[in-house]
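What follows is entry.txt (compact mmCIF, N, CA, C and O atoms).
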```txt
# COMPACT_ATOMS: atom_id res chain seq x y z
N MET R 8 -30.76 -11.25 44.63
CA MET R 8 -29.99 -10.11 44.17
C MET R 8 -30.77 -8.81 44.35
O MET R 8 -30.22 -7.82 44.81
N LYS R 9 -32.05 -8.84 43.97
CA LYS R 9 -32.86 -7.63 44.13
C LYS R 9 -33.01 -7.25 45.60
O LYS R 9 -32.97 -6.08 45.94
N PHE R 10 -33.18 -8.28 46.45
CA PHE R 10 -33.31 -8.00 47.88
C PHE R 10 -32.05 -7.33 48.43
O PHE R 10 -32.13 -6.37 49.19
N VAL R 11 -30.89 -7.83 48.03
CA VAL R 11 -29.63 -7.26 48.49
C VAL R 11 -29.48 -5.82 48.00
O VAL R 11 -29.05 -4.94 48.75
N LEU R 12 -29.88 -5.55 46.75
CA LEU R 12 -29.81 -4.19 46.22
C LEU R 12 -30.74 -3.25 46.97
O LEU R 12 -30.37 -2.12 47.29
N PHE R 13 -31.96 -3.70 47.26
CA PHE R 13 -32.88 -2.87 48.03
C PHE R 13 -32.35 -2.65 49.45
O PHE R 13 -32.48 -1.57 50.01
N LEU R 14 -31.75 -3.69 50.03
CA LEU R 14 -31.18 -3.57 51.35
C LEU R 14 -30.04 -2.55 51.37
O LEU R 14 -29.99 -1.68 52.25
N LEU R 15 -29.16 -2.62 50.40
CA LEU R 15 -28.06 -1.66 50.32
C LEU R 15 -28.54 -0.24 50.04
O LEU R 15 -28.00 0.73 50.58
N THR R 16 -29.57 -0.10 49.21
CA THR R 16 -30.13 1.22 48.94
C THR R 16 -30.71 1.84 50.20
O THR R 16 -30.49 3.01 50.49
N GLY R 17 -31.45 1.06 50.96
CA GLY R 17 -32.00 1.55 52.22
C GLY R 17 -30.93 1.90 53.22
O GLY R 17 -31.01 2.92 53.92
N LEU R 18 -29.89 1.08 53.28
CA LEU R 18 -28.79 1.34 54.21
C LEU R 18 -28.06 2.63 53.84
O LEU R 18 -27.79 3.47 54.70
N MET R 19 -27.77 2.82 52.56
CA MET R 19 -27.08 4.03 52.13
C MET R 19 -27.97 5.26 52.29
O MET R 19 -27.48 6.35 52.60
N SER R 20 -29.27 5.11 52.11
CA SER R 20 -30.19 6.23 52.34
C SER R 20 -30.18 6.63 53.81
O SER R 20 -30.20 7.83 54.15
N GLY R 21 -30.15 5.65 54.69
CA GLY R 21 -30.08 5.93 56.12
C GLY R 21 -28.78 6.62 56.50
O GLY R 21 -28.78 7.57 57.30
N VAL R 22 -27.67 6.16 55.94
CA VAL R 22 -26.38 6.79 56.22
C VAL R 22 -26.37 8.23 55.72
O VAL R 22 -25.89 9.15 56.40
N ALA R 23 -26.93 8.45 54.51
CA ALA R 23 -26.99 9.82 53.97
C ALA R 23 -27.88 10.71 54.84
O ALA R 23 -27.55 11.88 55.07
N ALA R 24 -28.98 10.17 55.35
CA ALA R 24 -29.86 10.96 56.21
C ALA R 24 -29.16 11.31 57.52
O ALA R 24 -29.28 12.44 58.01
N ILE R 25 -28.42 10.37 58.07
CA ILE R 25 -27.68 10.65 59.31
C ILE R 25 -26.62 11.72 59.07
O ILE R 25 -26.45 12.65 59.88
N CYS R 26 -25.90 11.62 57.96
CA CYS R 26 -24.87 12.62 57.65
C CYS R 26 -25.48 14.01 57.45
O CYS R 26 -24.95 15.00 57.97
N LEU R 27 -26.59 14.09 56.73
CA LEU R 27 -27.22 15.38 56.49
C LEU R 27 -27.78 15.97 57.77
O LEU R 27 -27.63 17.17 58.04
N THR R 28 -28.40 15.13 58.59
CA THR R 28 -28.95 15.61 59.85
C THR R 28 -27.85 16.07 60.80
O THR R 28 -27.99 17.11 61.46
N SER R 29 -26.75 15.34 60.85
CA SER R 29 -25.67 15.74 61.74
C SER R 29 -24.99 17.02 61.25
O SER R 29 -24.51 17.82 62.05
N ARG R 30 -24.97 17.21 59.94
CA ARG R 30 -24.37 18.43 59.41
C ARG R 30 -25.22 19.66 59.72
O ARG R 30 -24.70 20.72 60.06
N LEU R 31 -26.53 19.52 59.59
CA LEU R 31 -27.42 20.66 59.80
C LEU R 31 -27.81 20.84 61.26
O LEU R 31 -28.22 21.92 61.66
N GLY R 32 -27.73 19.78 62.05
CA GLY R 32 -28.08 19.87 63.46
C GLY R 32 -29.56 19.72 63.73
O GLY R 32 -29.98 19.74 64.88
N SER R 33 -30.37 19.59 62.71
CA SER R 33 -31.81 19.37 62.88
C SER R 33 -32.33 18.70 61.61
O SER R 33 -31.61 18.56 60.62
N THR R 34 -33.59 18.33 61.66
CA THR R 34 -34.18 17.70 60.48
C THR R 34 -35.66 18.05 60.38
O THR R 34 -36.27 18.53 61.33
N ARG R 35 -36.19 17.83 59.22
CA ARG R 35 -37.62 17.99 58.95
C ARG R 35 -37.95 17.09 57.76
O ARG R 35 -37.06 16.71 57.00
N PRO R 36 -39.20 16.74 57.56
CA PRO R 36 -39.54 15.79 56.49
C PRO R 36 -39.23 16.29 55.08
O PRO R 36 -38.97 15.50 54.18
N SER R 37 -39.23 17.59 54.88
CA SER R 37 -39.02 18.12 53.53
C SER R 37 -37.61 18.67 53.34
O SER R 37 -37.41 19.58 52.55
N ILE R 38 -36.63 18.11 54.03
CA ILE R 38 -35.28 18.68 54.01
C ILE R 38 -34.61 18.53 52.64
O ILE R 38 -33.83 19.37 52.22
N ALA R 39 -34.93 17.49 51.91
CA ALA R 39 -34.32 17.28 50.60
C ALA R 39 -35.35 17.47 49.48
O ALA R 39 -35.24 16.87 48.42
N PHE R 40 -36.32 18.33 49.71
CA PHE R 40 -37.36 18.57 48.72
C PHE R 40 -36.77 19.21 47.48
O PHE R 40 -35.96 20.12 47.54
N ALA R 41 -37.12 18.71 46.33
CA ALA R 41 -36.74 19.22 45.01
C ALA R 41 -35.27 19.01 44.69
O ALA R 41 -34.69 19.74 43.89
N TRP R 42 -34.63 18.01 45.28
CA TRP R 42 -33.27 17.66 44.91
C TRP R 42 -33.24 16.68 43.74
O TRP R 42 -32.18 16.33 43.25
N GLU R 43 -34.40 16.25 43.30
CA GLU R 43 -34.47 15.25 42.25
C GLU R 43 -33.83 15.74 40.95
O GLU R 43 -33.13 14.99 40.27
N LEU R 44 -34.05 17.00 40.62
CA LEU R 44 -33.49 17.56 39.39
C LEU R 44 -31.97 17.51 39.42
O LEU R 44 -31.34 17.09 38.45
N GLU R 45 -31.38 17.91 40.53
CA GLU R 45 -29.93 17.90 40.64
C GLU R 45 -29.37 16.48 40.60
O GLU R 45 -28.34 16.23 39.97
N ILE R 46 -30.04 15.55 41.25
CA ILE R 46 -29.56 14.18 41.30
C ILE R 46 -29.65 13.52 39.94
O ILE R 46 -28.70 12.86 39.49
N VAL R 47 -30.75 13.70 39.24
CA VAL R 47 -30.88 13.12 37.90
C VAL R 47 -29.85 13.75 36.96
O VAL R 47 -29.24 13.06 36.15
N THR R 48 -29.61 15.05 37.09
CA THR R 48 -28.61 15.73 36.26
C THR R 48 -27.22 15.16 36.54
O THR R 48 -26.45 14.91 35.62
N MET R 49 -26.90 14.93 37.81
CA MET R 49 -25.59 14.35 38.15
C MET R 49 -25.42 12.98 37.56
O MET R 49 -24.36 12.65 37.00
N VAL R 50 -26.45 12.16 37.66
CA VAL R 50 -26.35 10.78 37.17
C VAL R 50 -26.21 10.75 35.65
O VAL R 50 -25.36 10.04 35.10
N VAL R 51 -27.01 11.55 34.95
CA VAL R 51 -26.94 11.57 33.49
C VAL R 51 -25.63 12.21 33.03
O VAL R 51 -25.00 11.74 32.08
N LEU R 52 -25.19 13.26 33.70
CA LEU R 52 -23.92 13.89 33.37
C LEU R 52 -22.76 12.94 33.62
O LEU R 52 -21.75 12.98 32.92
N GLY R 53 -22.91 12.03 34.57
CA GLY R 53 -21.88 11.05 34.87
C GLY R 53 -21.79 9.91 33.88
O GLY R 53 -20.90 9.07 33.98
N GLY R 54 -22.70 9.85 32.93
CA GLY R 54 -22.60 8.85 31.88
C GLY R 54 -23.59 7.70 31.98
O GLY R 54 -23.53 6.76 31.18
N VAL R 55 -24.51 7.74 32.92
CA VAL R 55 -25.50 6.68 33.05
C VAL R 55 -26.63 6.96 32.07
O VAL R 55 -27.16 8.06 32.02
N SER R 56 -26.99 5.96 31.28
CA SER R 56 -28.04 6.13 30.29
C SER R 56 -29.40 6.18 30.97
O SER R 56 -29.70 5.37 31.85
N ILE R 57 -30.25 7.11 30.54
CA ILE R 57 -31.59 7.19 31.11
C ILE R 57 -32.51 6.12 30.53
O ILE R 57 -33.60 5.90 31.04
N LEU R 58 -32.06 5.45 29.50
CA LEU R 58 -32.83 4.37 28.91
C LEU R 58 -32.51 3.02 29.53
O LEU R 58 -33.01 2.01 29.09
N GLY R 59 -31.68 3.02 30.53
CA GLY R 59 -31.27 1.77 31.16
C GLY R 59 -29.87 1.40 30.72
O GLY R 59 -29.27 2.03 29.86
N GLY R 60 -29.35 0.41 31.34
CA GLY R 60 -28.00 -0.02 31.00
C GLY R 60 -27.05 0.23 32.14
O GLY R 60 -27.45 0.25 33.30
N SER R 61 -25.82 0.46 31.82
CA SER R 61 -24.82 0.60 32.87
C SER R 61 -24.14 1.95 32.77
O SER R 61 -24.17 2.62 31.75
N GLY R 62 -23.53 2.32 33.86
CA GLY R 62 -22.76 3.54 33.94
C GLY R 62 -21.55 3.28 34.80
O GLY R 62 -21.29 2.16 35.21
N SER R 63 -20.82 4.33 35.10
CA SER R 63 -19.64 4.14 35.93
C SER R 63 -19.75 5.00 37.18
O SER R 63 -20.20 6.16 37.11
N ILE R 64 -19.34 4.46 38.28
CA ILE R 64 -19.38 5.20 39.54
C ILE R 64 -18.40 6.36 39.52
O ILE R 64 -18.76 7.47 39.95
N PRO R 65 -17.17 6.20 39.01
CA PRO R 65 -16.28 7.37 38.96
C PRO R 65 -16.84 8.51 38.12
O PRO R 65 -16.66 9.68 38.44
N GLY R 66 -17.55 8.19 37.05
CA GLY R 66 -18.17 9.24 36.23
C GLY R 66 -19.21 10.01 37.01
O GLY R 66 -19.29 11.24 36.91
N VAL R 67 -20.01 9.32 37.80
CA VAL R 67 -21.04 9.98 38.59
C VAL R 67 -20.40 10.82 39.70
O VAL R 67 -20.87 11.92 40.01
N VAL R 68 -19.31 10.32 40.28
CA VAL R 68 -18.63 11.10 41.33
C VAL R 68 -18.05 12.38 40.74
O VAL R 68 -18.17 13.46 41.33
N ILE R 69 -17.44 12.29 39.56
CA ILE R 69 -16.90 13.48 38.89
C ILE R 69 -18.04 14.45 38.54
O ILE R 69 -17.91 15.66 38.71
N ALA R 70 -19.17 13.91 38.09
CA ALA R 70 -20.32 14.76 37.77
C ALA R 70 -20.86 15.43 39.03
O ALA R 70 -21.28 16.59 38.98
N ALA R 71 -20.84 14.74 40.16
CA ALA R 71 -21.28 15.35 41.42
C ALA R 71 -20.37 16.50 41.82
O ALA R 71 -20.83 17.55 42.29
N VAL R 72 -19.06 16.32 41.60
CA VAL R 72 -18.12 17.40 41.90
C VAL R 72 -18.37 18.59 40.97
O VAL R 72 -18.39 19.75 41.41
N VAL R 73 -18.60 18.32 39.70
CA VAL R 73 -18.88 19.39 38.74
C VAL R 73 -20.17 20.13 39.11
O VAL R 73 -20.21 21.36 39.10
N MET R 74 -21.20 19.37 39.47
CA MET R 74 -22.46 20.02 39.87
C MET R 74 -22.27 20.84 41.13
O MET R 74 -22.84 21.93 41.27
N GLY R 75 -21.46 20.34 42.06
CA GLY R 75 -21.17 21.10 43.27
C GLY R 75 -20.46 22.39 42.95
O GLY R 75 -20.76 23.45 43.53
N LEU R 76 -19.50 22.33 42.03
CA LEU R 76 -18.79 23.54 41.63
C LEU R 76 -19.71 24.53 40.93
O LEU R 76 -19.61 25.74 41.15
N VAL R 77 -20.61 24.03 40.10
CA VAL R 77 -21.55 24.91 39.39
C VAL R 77 -22.48 25.61 40.39
O VAL R 77 -22.65 26.83 40.34
N THR R 78 -23.07 24.84 41.30
CA THR R 78 -23.99 25.45 42.25
C THR R 78 -23.25 26.36 43.24
O THR R 78 -23.78 27.41 43.62
N PHE R 79 -22.04 25.98 43.63
CA PHE R 79 -21.26 26.83 44.53
C PHE R 79 -20.88 28.14 43.82
O PHE R 79 -20.96 29.22 44.40
N GLY R 80 -20.48 28.02 42.56
CA GLY R 80 -20.13 29.23 41.79
C GLY R 80 -21.31 30.14 41.59
O GLY R 80 -21.20 31.36 41.70
N LEU R 81 -22.47 29.56 41.29
CA LEU R 81 -23.67 30.38 41.14
C LEU R 81 -24.06 31.03 42.46
O LEU R 81 -24.56 32.16 42.50
N GLY R 82 -23.84 30.31 43.57
CA GLY R 82 -24.12 30.89 44.88
C GLY R 82 -23.19 32.05 45.19
O GLY R 82 -23.60 33.05 45.79
N LEU R 83 -21.92 31.92 44.80
CA LEU R 83 -20.97 33.02 45.01
C LEU R 83 -21.34 34.25 44.18
O LEU R 83 -21.04 35.38 44.57
N LEU R 84 -21.98 34.02 43.03
CA LEU R 84 -22.41 35.13 42.19
C LEU R 84 -23.77 35.70 42.62
O LEU R 84 -24.32 36.55 41.92
N ASN R 85 -24.30 35.21 43.75
CA ASN R 85 -25.60 35.65 44.28
C ASN R 85 -26.74 35.44 43.29
O ASN R 85 -27.63 36.28 43.14
N VAL R 86 -26.69 34.32 42.60
CA VAL R 86 -27.76 33.97 41.66
C VAL R 86 -28.93 33.41 42.47
O VAL R 86 -28.73 32.56 43.34
N PRO R 87 -30.16 33.86 42.21
CA PRO R 87 -31.32 33.34 42.96
C PRO R 87 -31.52 31.83 42.72
O PRO R 87 -31.10 31.28 41.70
N GLY R 88 -32.18 31.20 43.67
CA GLY R 88 -32.40 29.75 43.60
C GLY R 88 -33.17 29.31 42.38
O GLY R 88 -32.88 28.25 41.81
N ILE R 89 -34.15 30.09 41.94
CA ILE R 89 -34.94 29.69 40.77
C ILE R 89 -34.08 29.73 39.51
O ILE R 89 -34.22 28.89 38.63
N VAL R 90 -33.16 30.67 39.43
CA VAL R 90 -32.27 30.74 38.28
C VAL R 90 -31.30 29.56 38.30
O VAL R 90 -30.97 28.99 37.26
N MET R 91 -30.85 29.15 39.50
CA MET R 91 -30.00 27.96 39.61
C MET R 91 -30.74 26.74 39.09
O MET R 91 -30.15 25.90 38.40
N SER R 92 -32.01 26.62 39.43
CA SER R 92 -32.81 25.48 38.94
C SER R 92 -32.93 25.52 37.42
O SER R 92 -32.89 24.48 36.76
N ILE R 93 -33.08 26.71 36.87
CA ILE R 93 -33.17 26.84 35.41
C ILE R 93 -31.85 26.44 34.76
O ILE R 93 -31.83 25.73 33.75
N VAL R 94 -30.74 26.84 35.34
CA VAL R 94 -29.42 26.48 34.79
C VAL R 94 -29.21 24.98 34.88
O VAL R 94 -28.74 24.35 33.91
N ILE R 95 -29.58 24.38 35.99
CA ILE R 95 -29.42 22.93 36.15
C ILE R 95 -30.35 22.20 35.18
O ILE R 95 -29.96 21.19 34.57
N GLY R 96 -31.56 22.68 35.00
CA GLY R 96 -32.48 22.07 34.03
C GLY R 96 -31.96 22.19 32.61
O GLY R 96 -32.05 21.24 31.82
N ALA R 97 -31.39 23.34 32.27
CA ALA R 97 -30.80 23.51 30.93
C ALA R 97 -29.60 22.59 30.74
O ALA R 97 -29.40 22.02 29.66
N LEU R 98 -28.82 22.39 31.80
CA LEU R 98 -27.69 21.46 31.74
C LEU R 98 -28.19 20.03 31.52
O LEU R 98 -27.63 19.29 30.70
N LEU R 99 -29.26 19.65 32.20
CA LEU R 99 -29.84 18.32 32.02
C LEU R 99 -30.35 18.12 30.60
O LEU R 99 -30.08 17.10 29.96
N ILE R 100 -31.05 19.12 30.09
CA ILE R 100 -31.57 19.01 28.72
C ILE R 100 -30.44 18.91 27.72
O ILE R 100 -30.48 18.10 26.79
N SER R 101 -29.40 19.70 27.92
CA SER R 101 -28.27 19.64 26.97
C SER R 101 -27.52 18.33 27.07
O SER R 101 -27.09 17.78 26.04
N VAL R 102 -27.36 17.79 28.26
CA VAL R 102 -26.66 16.51 28.42
C VAL R 102 -27.45 15.38 27.76
O VAL R 102 -26.87 14.44 27.22
N ILE R 103 -28.76 15.46 27.79
CA ILE R 103 -29.57 14.43 27.15
C ILE R 103 -29.67 14.66 25.65
O ILE R 103 -29.60 13.71 24.85
N ALA R 104 -29.80 15.91 25.22
CA ALA R 104 -30.05 16.19 23.81
C ALA R 104 -28.80 16.12 22.93
O ALA R 104 -28.89 15.66 21.78
N LEU R 105 -27.66 16.56 23.42
CA LEU R 105 -26.46 16.61 22.57
C LEU R 105 -26.03 15.25 22.02
O LEU R 105 -25.77 15.14 20.82
N PRO R 106 -25.95 14.20 22.83
CA PRO R 106 -25.59 12.91 22.24
C PRO R 106 -26.59 12.40 21.21
O PRO R 106 -26.22 11.80 20.20
N ARG R 107 -27.86 12.67 21.45
CA ARG R 107 -28.88 12.25 20.48
C ARG R 107 -28.76 13.03 19.17
O ARG R 107 -28.94 12.48 18.09
N LEU R 108 -28.44 14.32 19.28
CA LEU R 108 -28.25 15.11 18.06
C LEU R 108 -27.01 14.64 17.30
O LEU R 108 -27.01 14.59 16.07
N TRP R 109 -25.93 14.34 18.03
CA TRP R 109 -24.71 13.87 17.36
C TRP R 109 -24.92 12.53 16.65
O TRP R 109 -24.47 12.36 15.53
N THR R 110 -25.61 11.60 17.29
CA THR R 110 -25.87 10.31 16.62
C THR R 110 -26.83 10.48 15.45
O THR R 110 -26.72 9.79 14.46
N GLY R 111 -27.77 11.41 15.58
CA GLY R 111 -28.69 11.67 14.46
C GLY R 111 -27.97 12.25 13.25
O GLY R 111 -28.25 11.90 12.11
N ARG R 112 -27.00 13.12 13.49
CA ARG R 112 -26.25 13.70 12.38
C ARG R 112 -25.30 12.70 11.76
O ARG R 112 -25.04 12.73 10.55
N ARG R 113 -24.75 11.81 12.57
CA ARG R 113 -23.85 10.77 12.04
C ARG R 113 -24.57 9.80 11.13
O ARG R 113 -24.05 9.31 10.17
N GLN R 114 -25.83 9.50 11.50
CA GLN R 114 -26.61 8.57 10.71
C GLN R 114 -27.12 9.18 9.42
O GLN R 114 -27.40 8.49 8.47
N SER R 115 -27.24 10.50 9.38
CA SER R 115 -27.76 11.18 8.18
C SER R 115 -26.77 11.22 7.05
O SER R 115 -25.63 11.22 7.11
```

What would the structure in this file look like if it were written as structure tokens?
Amino acid sequence: MKFVLFLLTGLMSGVAAICLTSRLGSTRPSIAFAWELEIVTMVVLGGVSILGGSGSIPGVVIAAVVMGLVTFGLGLLNVPGIVMSIVIGALLISVIALPRLWTGRRQS
């Protein structure tokens, strides 16, 4: 099972690399540098627990659309890239912190 999952992960990574390269028309080793923050934010916003467990693929797809809309909207407003990273980081912190605060208040 683990081998099949690693195989599928590598295959999908290759497909994503081909799609990105064909879209841009060129490639370089650092083409997706610092996308980790956005990807982790999408996954957590989609409902996947960072402590492990399960999530839903439709939730992550909806979160990817929302993140795309947020970054596209900030781009239309001519917001600098560093400010976009700050907004995405604040979104990640709030998505992680709010459920923990709600469960903490319920238990009190």

Go through chain R and collect every residue that DSSP, computed from the backbone, puts in helix (DSSP H, G or I); the answer should be as a ChimeraX atom specification.
/R:9-31,43-52,64-83,88-114

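A straight line drawn from atom N of Thr34 of chain R to atom O of Thr48 of chain R is 27.2 Å long.
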
Separation of atom C of Val73 of chain R and atom N of Leu99 of chain R, in Å?
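Calculated distance between atom C of Val73 of chain R and atom N of Leu99 of chain R is 11.4 Å.
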
Could you list, as a ChimeraX atom specification, every residue within 10 Å of Val90 of chain R, counting only C-alpha atoms and ignoring same-chain residues fewer than 5 positions away?
/R:81,95-96

Calculate how many Å separate atom CA of Met74 of chain R from atom C of Glu45 of chain R, rounding to one decimal.
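It comes out at 7.8 Å.
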
List the neighbours of Val55 of chain R out to 12 Å using only C-alpha atoms; skip same-chain residues closer than 4 positions along the sequence, and give me the result as a count of residues only.
19

Could you tell me which of R:Ile100, R:Leu52, R:Ile89, R:Leu83 comes closest to Ala71 of chain R if we count all atoms listed in the file?
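Using all atoms listed in the file, the shortest distance to Ala71 of chain R belongs to R:Leu52.
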